[in-house]
Structures are given as structure tokens and as C-alpha cells.
Amino acid sequence: MARARLALTSLILLIPLSQTAQGPNQHENWVGLSAVTLTLLIGIGVLVAVTRGWRPRWLGFATSLFDVSVVSAALASFLLVGPPHLAVNSRTTFEVYFLAIGATCLRYDRRICLITGLVATAQFGAIAWFTAHHWDLNSPAFAPYPYGYFSPIGTVGRLILMIVATLLSMTIVNRNERLRVLSTHDALTSLYNRAYFAERLREELLRASRYGHPLTVAILDLDHFKRVNDELGHVAGDVALQAVAQLLHGEMRRTDTVARYGGEEFAIIFPDTSSADALAMLERVRRAFHTRPIVVPRVTQPIHLTFSGGIASTPDDGTEFDALISCADARLLAAKNAGRDRLIGAGDSAGS
């Protein structure tokens, strides 16, 4: 996002550069050149900071609000360096509002879109109100009106267009969120899917390596689950998988990532968690399976399920994606061979 902002700002810089000190828009071009240059310098600073790992949660709000505020500051400065008509009738600077508002959809956060659009609308509305109440913009003193007559209806239309641009950005974010859910979640269980799990694990591995924190991965497999499908039908199997997913998701922390790894297999990422701590959490879940039978509609007897699991942690079991997954998978196989309904982690030969 920082690179995109920098590229767009560089393109906008071409507008005042190509027209500075030329034609009737001289004041507007010089102010625009100053505003875009300031934005470009701050954009470079943000890019450097982000590249070095500085990414506070409020950065998206701050940079988006800064973008529209620079446009408002440029329009307000026309009241000092040029005819007041420029503040309300600008044909170059005002349009940058729409670019700044539209760019907020790249943040994938409706709040940023809404707040940025409302702030931009309020700022321009305040500038227009102040200008109209301090100058008689359509008086003969400003003839021949090189920047056009002031039209209250036209100004209201601009404000409406800014609100429409805000709603459009929010709509794009809503659509992207739905597509994101479809591409990252399993349709049956609503857990994350295998592709997202792999993406997330690679990100957590980089973070664990950078800060020296432990990272644990677990792969779980339901024991004898094929019997459920064969004896009770696939509908019962689907209900059972949904119940298992709900139980796993409910027992894990908000920072953990729970995914359906494939079939009746599930995978969990435990950030900043040692192998022993992850094992303790999963043992609690394993015991909960024994006390929470799954009730399936139109099936007289509840389903009792157990699971086996393999656990691997950084750095002892590897620091790369393939090494960690292979280790957890091998321990899962060992848990199966040792009699199922057990977990095997580092230093475990037979599991619990």
C-alpha cells in the first residue's frame, strides 16, 4: 500500500509540474506542486518505516486522513495566495479528493473508508461555507471570473459526489471481504482452508524468526472417521465435522489459527507458544471430546469421536515450513500407530 501511494503521488506530481508558472492557473499549480511534494516526502518516509517493520494499527487511518487533509489544506491556501474562487471552483486540486477517497478501499477496512470520506466532505464543506460567507464571489470585483462563478448548487453537488465516492469505496471493501472469505475459508466448517493456513504459517515463521519467539504447529486427525460416513451416511459425517470445527475454534485463543487441513484433518498454529503449552491446550480439548458426544439429527445414538495429533515447534523441530509440517505429520502418524486418541510432541515416544 505504501508503494502504491508513492507511485500515485508521483503521477499526480506531473500535473503541477507540467503547468507551473503557465496560464491562468498559476496560483493553483504552485500550491499543488507544494502539496504534492510534501505528500511525496512523507510517503517516502512511510515507505521506509514500513519496510523496516514499523506498522502500527493506526497507520492506515493516519495516512488516509493525511491524504485528504493535504487536499483541503491546498484548497484553503488558495484563500491566501489566489482568488477565493479557487478554493471552491478548483478544476485540478479538488479532483484529488476522489483519488484519496478511492484509495482507501485498498485498506480493506470499511471504517477507514467511512471516516476518511466523512472527514474530506466536512473539510470541503467548511471551506466552501467560509469562502461563501466572507466574499461576494459573484460580485463585479472578480470579473471576468477566470475560475468561474460560484454556484451553491454546484458545491452541494460536489459534496454529494464525495459521499457517493465514500459509499462506493465501502461497497468495494464489502465485496472484497466476501471474496476473501470464500477464498480463505472452508465451505463446510467455516474454518480457514489449507491454502490460507500455509500462507499464515509462512508469515508466522518469519515473525518468529525475526523476534526469536517460539511457534508451534499441530496436525490433528479424527480417529476412525470413515466409519461415521460408512455407517451413518455423509450427512452425519458433515454434521460431525462441523461440530468438531466449532469445538476446536471455541477452545483455541483468538491469536491461534485453526484450519481444516483436508478431509477429517485439522491444523492449528500457536504463535508465541512453546510445544509444552500447546500440548497442554490440546490435551484439554482431547479430554473435552470424551465428554461432548455429537448429536446428529435423525440418528438415535450420539457420535463419540476421538482424535490423534502431532505437534512440532520452532526452532527445535525446524524453522522452515516444510520441516515443521513434516515433523508434525510424522508425529501424527506415530500417534496413530501407538493406538490413537493421543498427542505426540517433542520428546514423546508414545504420546499421552
# chains A, B, ... in the order shown; residues from 1 in each chain; ligands from 1
>>> residues_around(residues="Arg254 in chain A", least_positions_apart="4", cutoff="12 Å", atoms="only C-alpha atoms", output="list in words")
Leu248, His249, Gly250, Val258, Ile268, Ile269, Phe270 and Pro271 of chain A
>>> residues_around(residues="Thr319 in chain A", least_positions_apart="4", cutoff="12 Å", atoms="only C-alpha atoms", output="list in words")
Leu201, Arg202, Glu204, Leu205, Leu206, Arg207, Ala208, Ser209, Arg210, Gly212, His213, Pro214, Leu215, Thr216, Val217, Ala312, Ser313, Thr314, Pro315, Ala323, Leu324, Ile325, Ser326 and Cys327 of chain A
>>> atom_distance(atom1="CA of Pro144 in chain A", atom2="CA of Phe124 in chain A")
24.8 Å
>>> atom_distance(atom1="CA of Arg110 in chain A", atom2="CA of Met170 in chain A")
5.3 Å
>>> atom_distance(atom1="CA of Val296 in chain A", atom2="CA of Tyr192 in chain A")
23.6 Å
>>> residues_around(residues="Val68 in chain A", least_positions_apart="2", cutoff="7 Å", atoms="only C-alpha atoms", output="list in words")
Ser64, Leu65, Phe66, Val70, Val71, Ser72, Tyr97, Ala100 and Ala120 of chain A
>>> closest_residue(among="A:Leu279, A:Ile303, A:Ala132, A:Val181", to="Asn229 in chain A", atoms="only C-alpha atoms")
A:Ile303
>>> select_by_dssp(residues="range 27-259 of chain A", states="strand (DSSP E)", output="short mmCIF file (atom, residue, chain, number, x, y, z; two decimals) with N, CA, C and O atoms, in the first residue's frame")
data_model
loop_
_atom_site.label_atom_id
_atom_site.label_comp_id
_atom_site.auth_asym_id
_atom_site.auth_seq_id
_atom_site.Cartn_x
_atom_site.Cartn_y
_atom_site.Cartn_z
N LEU A 215 7.17 -20.92 18.08
CA LEU A 215 5.99 -21.11 17.24
C LEU A 215 5.70 -22.60 17.18
O LEU A 215 6.61 -23.40 16.93
N THR A 216 4.45 -22.97 17.42
CA THR A 216 4.08 -24.38 17.46
C THR A 216 2.97 -24.66 16.45
O THR A 216 2.07 -23.84 16.27
N VAL A 217 3.08 -25.80 15.81
CA VAL A 217 2.08 -26.24 14.83
C VAL A 217 1.58 -27.62 15.24
O VAL A 217 2.37 -28.47 15.67
N ALA A 218 0.28 -27.85 15.12
CA ALA A 218 -0.31 -29.16 15.42
C ALA A 218 -1.16 -29.61 14.25
O ALA A 218 -1.89 -28.81 13.66
N ILE A 219 -1.06 -30.89 13.92
CA ILE A 219 -1.93 -31.51 12.92
C ILE A 219 -2.73 -32.60 13.61
O ILE A 219 -2.15 -33.50 14.24
N LEU A 220 -4.06 -32.49 13.52
CA LEU A 220 -4.96 -33.42 14.19
C LEU A 220 -5.74 -34.22 13.16
O LEU A 220 -6.08 -33.70 12.09
N ASP A 221 -6.03 -35.47 13.50
CA ASP A 221 -6.80 -36.33 12.60
C ASP A 221 -7.82 -37.10 13.42
O ASP A 221 -7.49 -37.71 14.45
N LEU A 222 -9.08 -37.06 12.98
CA LEU A 222 -10.14 -37.78 13.71
C LEU A 222 -9.95 -39.29 13.52
O LEU A 222 -9.73 -39.77 12.41
N THR A 257 -4.59 -19.92 14.91
CA THR A 257 -5.23 -20.13 13.61
C THR A 257 -5.64 -21.58 13.49
O THR A 257 -4.80 -22.48 13.51
N VAL A 258 -6.94 -21.82 13.35
CA VAL A 258 -7.48 -23.17 13.21
C VAL A 258 -7.96 -23.35 11.78
O VAL A 258 -8.73 -22.53 11.27
N ALA A 259 -7.52 -24.43 11.14
CA ALA A 259 -7.87 -24.65 9.73
C ALA A 259 -8.26 -26.10 9.50
O ALA A 259 -7.81 -27.00 10.23
#
